[in-house]
Structures are given as structure tokens and as C-alpha cells.
$ cat query-v9.cif   # mmCIF, C-alpha atoms
data_structure
#
loop_
_atom_site.label_atom_id
_atom_site.label_comp_id
_atom_site.auth_asym_id
_atom_site.auth_seq_id
_atom_site.Cartn_x
_atom_site.Cartn_y
_atom_site.Cartn_z
CA ASP A 1 83.53 -90.03 39.38
CA THR A 2 80.39 -89.72 41.49
CA ALA A 3 81.27 -89.30 45.17
CA VAL A 4 77.95 -90.52 46.61
CA SER A 5 75.66 -92.50 44.34
CA GLN A 6 72.19 -93.85 44.88
CA THR A 7 70.06 -96.33 42.98
CA PRO A 8 67.44 -96.13 41.79
CA LYS A 9 66.82 -92.46 41.08
CA TYR A 10 63.07 -93.00 40.81
CA LEU A 11 60.95 -95.65 42.47
CA VAL A 12 57.21 -96.01 41.91
CA THR A 13 55.44 -98.78 43.76
CA GLN A 14 52.16 -99.87 45.29
CA MET A 15 51.17 -99.65 48.93
CA GLY A 16 52.17 -102.71 50.89
CA ASN A 17 55.19 -103.56 48.76
CA ASP A 18 58.76 -103.88 50.02
CA LYS A 19 61.54 -101.91 48.34
CA SER A 20 65.23 -101.13 48.76
CA ILE A 21 67.40 -98.14 47.97
CA LYS A 22 71.15 -98.55 47.63
CA CYS A 23 73.86 -96.03 48.43
CA GLU A 24 77.59 -96.13 47.81
CA GLN A 25 80.33 -93.59 48.54
CA ASN A 26 83.85 -93.65 47.12
CA LEU A 27 85.26 -90.93 49.39
CA GLY A 28 86.71 -93.25 52.01
CA HIS A 29 84.42 -91.77 54.66
CA ASP A 30 83.59 -93.53 57.92
CA THR A 31 80.08 -92.13 58.44
CA MET A 32 76.96 -92.43 56.32
CA TYR A 33 73.43 -91.10 56.70
CA TRP A 34 69.91 -91.39 55.38
CA TYR A 35 67.69 -88.31 55.18
CA LYS A 36 64.05 -87.96 54.18
CA GLN A 37 62.91 -84.83 52.31
CA ASP A 38 59.16 -84.36 52.36
CA SER A 39 56.94 -82.59 49.85
CA LYS A 40 57.64 -79.25 51.56
CA LYS A 41 61.37 -79.79 51.07
CA PHE A 42 61.97 -80.31 54.80
CA LEU A 43 65.03 -82.51 55.42
CA LYS A 44 65.13 -84.79 58.42
CA ILE A 45 67.78 -87.23 59.52
CA MET A 46 66.63 -90.84 59.68
CA PHE A 47 69.76 -92.87 60.42
CA SER A 48 73.46 -92.36 60.97
CA TYR A 49 76.04 -95.14 60.66
CA ASN A 50 79.66 -94.95 61.72
CA ASN A 51 82.03 -97.71 60.68
CA LYS A 52 79.06 -99.93 59.81
CA GLU A 53 77.45 -99.45 63.21
CA LEU A 54 74.14 -97.71 63.80
CA ILE A 55 74.66 -94.49 65.75
CA ILE A 56 71.42 -92.60 65.31
CA ASN A 57 67.87 -93.83 64.71
CA GLU A 58 65.58 -90.82 64.76
CA THR A 59 62.23 -92.41 65.75
CA VAL A 60 61.79 -93.92 62.35
CA PRO A 61 59.15 -96.69 62.04
CA ASN A 62 60.69 -100.14 62.22
CA ARG A 63 59.40 -100.79 58.70
CA PHE A 64 62.60 -98.95 57.72
CA SER A 65 65.72 -101.04 58.14
CA PRO A 66 69.13 -99.74 57.14
CA LYS A 67 71.98 -102.12 56.46
CA SER A 68 75.66 -101.33 56.07
CA PRO A 69 77.60 -104.27 54.63
CA ASP A 70 80.80 -102.23 54.65
CA LYS A 71 81.87 -98.62 55.25
CA ALA A 72 81.28 -97.66 51.62
CA HIS A 73 77.67 -98.86 51.43
CA LEU A 74 74.49 -98.04 53.28
CA ASN A 75 71.25 -99.50 51.99
CA LEU A 76 67.71 -98.72 53.08
CA HIS A 77 65.02 -101.38 53.01
CA ILE A 78 61.39 -100.40 53.51
CA ASN A 79 58.69 -102.94 54.30
CA SER A 80 54.95 -102.58 53.82
CA LEU A 81 55.17 -99.22 52.07
CA GLU A 82 52.59 -96.59 52.98
CA LEU A 83 51.38 -93.49 51.15
CA GLY A 84 53.17 -91.31 53.70
CA ASP A 85 56.51 -92.84 52.74
CA SER A 86 56.41 -90.93 49.45
CA ALA A 87 59.36 -88.56 49.59
CA VAL A 88 62.87 -88.02 48.31
CA TYR A 89 65.44 -90.04 50.23
CA PHE A 90 69.01 -88.77 50.36
CA CYS A 91 72.09 -90.67 51.32
CA ALA A 92 75.08 -88.69 52.61
CA SER A 93 78.54 -89.33 53.99
CA SER A 94 81.10 -87.48 56.08
CA GLN A 95 84.69 -88.12 57.00
CA ASP A 96 83.95 -89.14 60.56
CA TRP A 97 81.36 -88.93 63.29
CA GLY A 98 82.94 -87.31 66.25
CA THR A 99 83.87 -83.76 65.27
CA GLY A 100 80.75 -82.22 63.81
CA ARG A 101 82.80 -79.87 61.66
CA ASN A 102 83.03 -82.07 58.61
CA GLU A 103 80.61 -81.35 55.83
CA GLN A 104 78.34 -84.02 54.54
CA PHE A 105 78.38 -85.03 50.90
CA PHE A 106 74.97 -85.86 49.48
CA GLY A 107 73.85 -88.27 46.84
CA PRO A 108 71.43 -87.23 44.07
CA GLY A 109 68.39 -88.60 45.91
CA THR A 110 65.81 -91.29 45.25
CA ARG A 111 62.27 -90.10 44.61
CA LEU A 112 59.91 -92.69 46.06
CA THR A 113 56.26 -92.57 45.04
CA VAL A 114 53.82 -94.90 46.74
CA LEU A 115 50.48 -95.35 44.95
CA ALA B 1 68.69 -79.27 71.43
CA GLN B 2 69.83 -77.50 68.32
CA SER B 3 67.47 -75.83 65.86
CA VAL B 4 67.58 -73.59 62.81
CA THR B 5 65.15 -70.94 61.65
CA GLN B 6 65.25 -69.60 58.12
CA LEU B 7 63.19 -66.47 57.70
CA GLY B 8 61.23 -66.41 54.47
CA SER B 9 60.33 -69.52 52.53
CA HIS B 10 60.78 -67.54 49.30
CA VAL B 11 63.06 -64.62 48.46
CA SER B 12 62.82 -62.83 45.12
CA VAL B 13 65.56 -60.63 43.71
CA SER B 14 66.43 -59.13 40.36
CA GLU B 15 69.53 -60.20 38.50
CA GLY B 16 72.44 -58.10 39.76
CA ALA B 17 70.80 -57.29 43.09
CA LEU B 18 72.08 -58.19 46.53
CA VAL B 19 71.09 -61.61 47.86
CA LEU B 20 70.40 -61.93 51.59
CA LEU B 21 69.12 -65.21 53.03
CA ARG B 22 68.56 -65.24 56.77
CA CYS B 23 69.42 -68.01 59.21
CA ASN B 24 69.19 -68.01 62.99
CA TYR B 25 70.25 -70.93 65.11
CA SER B 26 69.79 -72.24 68.60
CA SER B 27 72.46 -74.39 70.18
CA SER B 28 73.51 -75.20 73.71
CA VAL B 29 77.18 -75.46 72.71
CA PRO B 30 79.31 -73.61 70.15
CA PRO B 31 77.86 -74.68 66.85
CA TYR B 32 79.18 -75.57 63.47
CA LEU B 33 77.09 -73.96 60.75
CA PHE B 34 76.60 -74.83 57.11
CA TRP B 35 74.84 -73.49 54.05
CA TYR B 36 73.83 -75.97 51.37
CA VAL B 37 72.25 -75.33 47.97
CA GLN B 38 69.85 -77.66 46.18
CA TYR B 39 69.20 -77.20 42.47
CA PRO B 40 66.01 -78.74 41.06
CA ASN B 41 66.03 -82.53 41.11
CA GLN B 42 69.53 -82.67 42.55
CA GLY B 43 71.19 -83.45 45.84
CA LEU B 44 72.58 -80.88 48.24
CA GLN B 45 75.89 -79.17 47.62
CA LEU B 46 77.91 -77.40 50.29
CA LEU B 47 78.24 -73.64 49.76
CA LEU B 48 80.24 -72.80 52.88
CA LYS B 49 80.75 -73.70 56.52
CA TYR B 50 81.66 -72.06 59.81
CA THR B 51 83.80 -74.13 62.14
CA SER B 52 84.93 -71.56 64.75
CA ALA B 53 87.75 -70.05 62.77
CA ALA B 54 87.09 -66.75 60.94
CA THR B 55 83.60 -65.37 61.50
CA LEU B 56 83.31 -64.20 57.89
CA VAL B 57 83.26 -67.27 55.71
CA LYS B 58 83.65 -67.24 51.95
CA GLY B 59 82.15 -70.02 49.88
CA ILE B 60 81.69 -71.07 46.31
CA ASN B 61 79.92 -69.08 43.58
CA GLY B 62 80.59 -65.73 45.28
CA PHE B 63 78.56 -66.45 48.42
CA GLU B 64 79.67 -65.56 51.92
CA ALA B 65 78.19 -65.70 55.41
CA GLU B 66 79.00 -64.04 58.71
CA PHE B 67 78.72 -65.78 62.06
CA LYS B 68 77.36 -63.42 64.71
CA LYS B 69 77.27 -65.07 68.09
CA SER B 70 75.48 -62.18 69.80
CA GLU B 71 72.65 -62.40 67.27
CA THR B 72 72.83 -66.21 66.89
CA SER B 73 72.78 -65.63 63.15
CA PHE B 74 74.56 -66.94 60.09
CA HIS B 75 73.07 -65.01 57.17
CA LEU B 76 74.09 -65.83 53.61
CA THR B 77 74.87 -63.02 51.16
CA LYS B 78 75.99 -62.48 47.61
CA PRO B 79 76.63 -58.99 46.21
CA SER B 80 75.14 -59.61 42.79
CA ALA B 81 72.58 -62.29 41.95
CA HIS B 82 72.85 -64.34 38.82
CA MET B 83 70.07 -66.29 37.14
CA SER B 84 71.95 -69.50 37.89
CA ASP B 85 71.64 -68.81 41.64
CA ALA B 86 67.95 -69.70 41.55
CA ALA B 87 67.67 -72.71 43.86
CA GLU B 88 66.66 -73.87 47.34
CA TYR B 89 69.07 -72.90 50.11
CA PHE B 90 69.34 -74.71 53.42
CA CYS B 91 71.04 -73.58 56.60
CA ALA B 92 72.13 -76.37 58.95
CA VAL B 93 73.74 -76.70 62.36
CA SER B 94 75.69 -79.42 64.09
CA GLU B 95 76.81 -79.32 67.68
CA GLY B 96 80.44 -79.85 68.51
CA GLY B 97 81.25 -83.51 68.86
CA TYR B 98 78.33 -84.84 66.86
CA SER B 99 77.99 -84.87 63.09
CA THR B 100 74.21 -84.98 62.88
CA LEU B 101 72.90 -82.01 60.94
CA THR B 102 69.69 -80.19 61.82
CA PHE B 103 68.35 -78.32 58.82
CA GLY B 104 66.20 -75.26 58.49
CA LYS B 105 63.09 -75.44 56.33
CA GLY B 106 64.85 -73.95 53.35
CA THR B 107 64.53 -70.71 51.38
CA MET B 108 63.74 -70.72 47.69
CA LEU B 109 65.70 -68.00 45.90
CA LEU B 110 63.98 -66.68 42.79
CA VAL B 111 65.99 -64.50 40.39
CA SER B 112 64.24 -62.43 37.75
CA PRO B 113 65.85 -60.83 34.70
#
$ encode --input "query-v9.cif" --output "C-alpha cells"
Amino acid sequence: DTAVSQTPKYLVTQMGNDKSIKCEQNLGHDTMYWYKQDSKKFLKIMFSYNNKELIINETVPNRFSPKSPDKAHLNLHINSLELGDSAVYFCASSQDWGTGRNEQFFGPGTRLTVL
Amino acid sequence: AQSVTQLGSHVSVSEGALVLLRCNYSSSVPPYLFWYVQYPNQGLQLLLKYTSAATLVKGINGFEAEFKKSETSFHLTKPSAHMSDAAEYFCAVSEGGYSTLTFGKGTMLLVSP
């Protein structure tokens, strides 16, 4: 059973379009994250959610809107896609927010290409 | 603010040779430290973590890392490289009380026969 799953795995779209990426975890974790990995493989946190509430928003453009309908799901909607949004987006989860010692479990990633 | 520096964007070793991937951190509080591995076109997988217990941490696939507070380092080692170890390796830090990870820029490990 996949612990953290993402759909779709690949997403190719035109500039200006709106797209969504879905994430689900079956680990019973309270905290979920979105990361962006750029073409140089650099990973940067975008959002953190704990118990469906937004905890961290790391100066991400407001074209990016995460939504957590329940603790097991964290979706990412992107409006008006730009060329610079092309990247691999990773969802992750951890047991809780407050300790810092719990490892994060990562999904397989969604490769977004904006043409 | 926390930060991580990984020395060397690429490290090349021969199969059977020692693997050493360097990681230095900066943190205003005692840190938690992690090494993750990313195989091509896959997500990240935890290799090992330091959470203030033993300073020498053993992980999966024969890897280990030693936390050295005086050197603010958490270098990853493996005595004998295998072809299947070829991947991107990321060091990450979180500060006590917060689960947000700050990643280094990654080191690509290349293993030649």
C-alpha cells in the first residue's frame, strides 16, 4: 500500500491554465506539506498543514492555493500557470507538527511542465 | 534561522570504495538532522535521522552518520559503495519544536564499476 500518493504523476499544460494536484496519505498523520523541487533539484517548503489548518506559507504567490478537506488529503491548486512554475511538486506527511523529530514521508512527486 | 550546507554537488566513487557525503548545519537551537535519498524519478526516502540520542546513527542500506556538535556537522558515510547507491542525497535540519525541514542543495553520488 502506498503511504503517500499523488496524482497526477505528470502534468503538461499551457501558460495561463489552472491545474490541481492531489495528495493522500494513509499513515494516520496529522501534518502534511507541499514542497517544490526546481530544475537544480533544490527542495523548498511551500506549505505546511496541521490537522487541516494552514501552519506555514513560505512566501508562495497567491496563485497557489492549498486545500485540506480532511487530515488525509492535501490538494494544491494553481491558477494562471507561469513558465516558472515548471518543477516537481512533492507532498509529504509527518506524524505531528510540534516535535520536529519525526521524519517526513514523501510522495512520488508530480512533474509539472508549463509550455 | 536554520540552514544546511552540503559540500560538493557531485561525488564520484568506485564500487567498493568508501562513501563520504558532507553536511554542515546552522541552527540556533539543538537541531534534528536527517539524510534522505532520492533515486531518479522518485520521491525522497529517509536514510537515517539524529534526534539527540546517540551521536552515531545507523540507517538503512549500510549508511551511517555522526553528529558532531563542535563541528556542526552530520556527514554521511558507507564503508563500501554499491552501484545501487547512485542517487541524489539530501541533508536536512529541523529545529526543535517545529517540523519544517530545511534542505541542503543535494549531492549526487556517482558510482563507477
$ closest_atom_pairs --input "query-v9.cif" --of "chain B" --to "chain A" --cutoff "9 Å" --atoms "only C-alpha atoms" --output "tab-separated table"
residue	atom	partner	partner_atom	distance
B:Pro31	CA	A:Gly100	CA	8.6
B:Tyr32	CA	A:Arg101	CA	5.9
B:Leu33	CA	A:Arg101	CA	8.3
B:Phe34	CA	A:Glu103	CA	7.8
B:Asn41	CA	A:Pro108	CA	7.7
B:Gln42	CA	A:Pro108	CA	5.2
B:Gly43	CA	A:Pro108	CA	4.2
B:Leu44	CA	A:Phe106	CA	5.7
B:Gln45	CA	A:Phe106	CA	7.0
B:Leu46	CA	A:Glu103	CA	7.3
B:Lys49	CA	A:Glu103	CA	7.7
B:Tyr50	CA	A:Arg101	CA	8.1
B:Thr51	CA	A:Arg101	CA	5.8
B:Glu88	CA	A:Lys41	CA	8.8
B:Ser94	CA	A:Gly100	CA	5.8
B:Glu95	CA	A:Gly100	CA	6.2
B:Gly96	CA	A:Gly100	CA	5.3
B:Gly97	CA	A:Thr99	CA	4.5
B:Tyr98	CA	A:Gly100	CA	4.7
B:Ser99	CA	A:Gly100	CA	3.9
B:Thr100	CA	A:Gly100	CA	7.2
B:Leu101	CA	A:Ile45	CA	7.4
B:Thr102	CA	A:Lys44	CA	7.3
B:Phe103	CA	A:Leu43	CA	6.3
B:Gly104	CA	A:Phe42	CA	7.6
B:Lys105	CA	A:Phe42	CA	5.2
B:Gly106	CA	A:Phe42	CA	7.1
$ residues_around --input "query-v9.cif" --residues "region 20-29 of chain B" --least-positions-apart "5" --cutoff "8 Å" --atoms "all atoms listed in the file" --output "VMD selection string"
chain B and resid 1 to 8 11 71 to 78 91 93 95 to 96 104 107
$ atom_distance --input "query-v9.cif" --atom1 "CA of Leu54 (chain A)" --atom2 "CA of Asp18 (chain A)"
21.6 Å
$ closest_residue --input "query-v9.cif" --among "A:Ser80, A:Thr13, A:Gln37, A:Asn75" --to "Tyr49 (chain A)" --atoms "all atoms listed in the file"
A:Asn75
$ residues_around --input "query-v9.cif" --residues "Thr2 (chain A)" --least-positions-apart "3" --cutoff "10 Å" --atoms "only C-alpha atoms" --output "count of residues only"
8
$ atom_distance --input "query-v9.cif" --atom1 "CA of Ser20 (chain A)" --atom2 "CA of Pro61 (chain A)"
15.3 Å
$ atom_distance --input "query-v9.cif" --atom1 "CA of Ser80 (chain B)" --atom2 "CA of Asn61 (chain B)"
10.6 Å
$ resolve_selection --input "query-v9.cif" --expression "the PyMOL selection byres ((chain A and resi 73) around 8)" --output "list in words"
Lys22, Cys23, Glu24, Gln25, Ser68, Pro69, Asp70, Lys71, Ala72, Leu74 and Asn75 of chain A
$ write_last_selection --input "query-v9.cif" --atoms "C-alpha atoms" --output "CSV table (one decimal), keeping the file's coordinate frame"
chain,number,residue,atom,x,y,z
A,22,LYS,CA,71.2,-98.6,47.6
A,23,CYS,CA,73.9,-96.0,48.4
A,24,GLU,CA,77.6,-96.1,47.8
A,25,GLN,CA,80.3,-93.6,48.5
A,68,SER,CA,75.7,-101.3,56.1
A,69,PRO,CA,77.6,-104.3,54.6
A,70,ASP,CA,80.8,-102.2,54.6
A,71,LYS,CA,81.9,-98.6,55.2
A,72,ALA,CA,81.3,-97.7,51.6
A,74,LEU,CA,74.5,-98.0,53.3
A,75,ASN,CA,71.2,-99.5,52.0
$ residues_around --input "query-v9.cif" --residues "Ala87 (chain A)" --least-positions-apart "5" --cutoff "7 Å" --atoms "all atoms listed in the file" --output "list in words"
Lys36, Gln37, Asp38, Ser39, Arg111, Leu112 and Thr113 of chain A
$ closest_residue --input "query-v9.cif" --among "A:Val114, A:Met46, A:Asn79, A:Ser93" --to "Thr59 (chain A)" --atoms "only C-alpha atoms"
A:Met46
$ build_atoms --input "query-v9.cif" --residues "region 57-73 of chain B" --atoms "N, CA and C atoms" --output "PDB file, in the coordinates of the input"
ATOM      1  N   VAL B  57      82.900 -66.075  56.463  1.00  0.00           N
ATOM      2  CA  VAL B  57      83.260 -67.270  55.710  1.00  0.00           C
ATOM      3  C   VAL B  57      82.929 -67.059  54.233  1.00  0.00           C
ATOM      4  N   LYS B  58      83.891 -67.353  53.394  1.00  0.00           N
ATOM      5  CA  LYS B  58      83.650 -67.240  51.950  1.00  0.00           C
ATOM      6  C   LYS B  58      83.431 -68.645  51.390  1.00  0.00           C
ATOM      7  N   GLY B  59      82.473 -68.729  50.456  1.00  0.00           N
ATOM      8  CA  GLY B  59      82.150 -70.020  49.880  1.00  0.00           C
ATOM      9  C   GLY B  59      82.279 -70.004  48.368  1.00  0.00           C
ATOM     10  N   ILE B  60      81.637 -70.970  47.763  1.00  0.00           N
ATOM     11  CA  ILE B  60      81.690 -71.070  46.310  1.00  0.00           C
ATOM     12  C   ILE B  60      80.679 -70.128  45.662  1.00  0.00           C
ATOM     13  N   ASN B  61      80.864 -69.878  44.388  1.00  0.00           N
ATOM     14  CA  ASN B  61      79.920 -69.080  43.580  1.00  0.00           C
ATOM     15  C   ASN B  61      79.708 -67.667  44.113  1.00  0.00           C
ATOM     16  N   GLY B  62      80.673 -67.116  44.826  1.00  0.00           N
ATOM     17  CA  GLY B  62      80.590 -65.730  45.280  1.00  0.00           C
ATOM     18  C   GLY B  62      79.778 -65.522  46.547  1.00  0.00           C
ATOM     19  N   PHE B  63      79.335 -66.571  47.190  1.00  0.00           N
ATOM     20  CA  PHE B  63      78.560 -66.450  48.420  1.00  0.00           C
ATOM     21  C   PHE B  63      79.481 -66.307  49.635  1.00  0.00           C
ATOM     22  N   GLU B  64      78.977 -65.623  50.640  1.00  0.00           N
ATOM     23  CA  GLU B  64      79.670 -65.560  51.920  1.00  0.00           C
ATOM     24  C   GLU B  64      78.651 -65.463  53.040  1.00  0.00           C
ATOM     25  N   ALA B  65      79.088 -65.758  54.251  1.00  0.00           N
ATOM     26  CA  ALA B  65      78.190 -65.700  55.410  1.00  0.00           C
ATOM     27  C   ALA B  65      79.003 -65.238  56.607  1.00  0.00           C
ATOM     28  N   GLU B  66      78.327 -64.544  57.515  1.00  0.00           N
ATOM     29  CA  GLU B  66      79.000 -64.040  58.710  1.00  0.00           C
ATOM     30  C   GLU B  66      78.358 -64.631  59.947  1.00  0.00           C
ATOM     31  N   PHE B  67      79.184 -65.237  60.792  1.00  0.00           N
ATOM     32  CA  PHE B  67      78.720 -65.780  62.060  1.00  0.00           C
ATOM     33  C   PHE B  67      78.687 -64.657  63.090  1.00  0.00           C
ATOM     34  N   LYS B  68      77.502 -64.445  63.659  1.00  0.00           N
ATOM     35  CA  LYS B  68      77.360 -63.420  64.710  1.00  0.00           C
ATOM     36  C   LYS B  68      76.796 -64.099  65.950  1.00  0.00           C
ATOM     37  N   LYS B  69      77.674 -64.340  66.894  1.00  0.00           N
ATOM     38  CA  LYS B  69      77.270 -65.070  68.090  1.00  0.00           C
ATOM     39  C   LYS B  69      76.218 -64.304  68.886  1.00  0.00           C
ATOM     40  N   SER B  70      76.397 -62.983  68.991  1.00  0.00           N
ATOM     41  CA  SER B  70      75.480 -62.180  69.800  1.00  0.00           C
ATOM     42  C   SER B  70      74.068 -62.191  69.230  1.00  0.00           C
ATOM     43  N   GLU B  71      73.963 -62.383  67.930  1.00  0.00           N
ATOM     44  CA  GLU B  71      72.650 -62.400  67.270  1.00  0.00           C
ATOM     45  C   GLU B  71      72.214 -63.834  66.934  1.00  0.00           C
ATOM     46  N   THR B  72      73.023 -64.797  67.267  1.00  0.00           N
ATOM     47  CA  THR B  72      72.830 -66.210  66.890  1.00  0.00           C
ATOM     48  C   THR B  72      72.386 -66.322  65.430  1.00  0.00           C
ATOM     49  N   SER B  73      73.157 -65.651  64.563  1.00  0.00           N
ATOM     50  CA  SER B  73      72.780 -65.630  63.150  1.00  0.00           C
ATOM     51  C   SER B  73      73.933 -66.082  62.273  1.00  0.00           C
TER      52      SER B  73
END
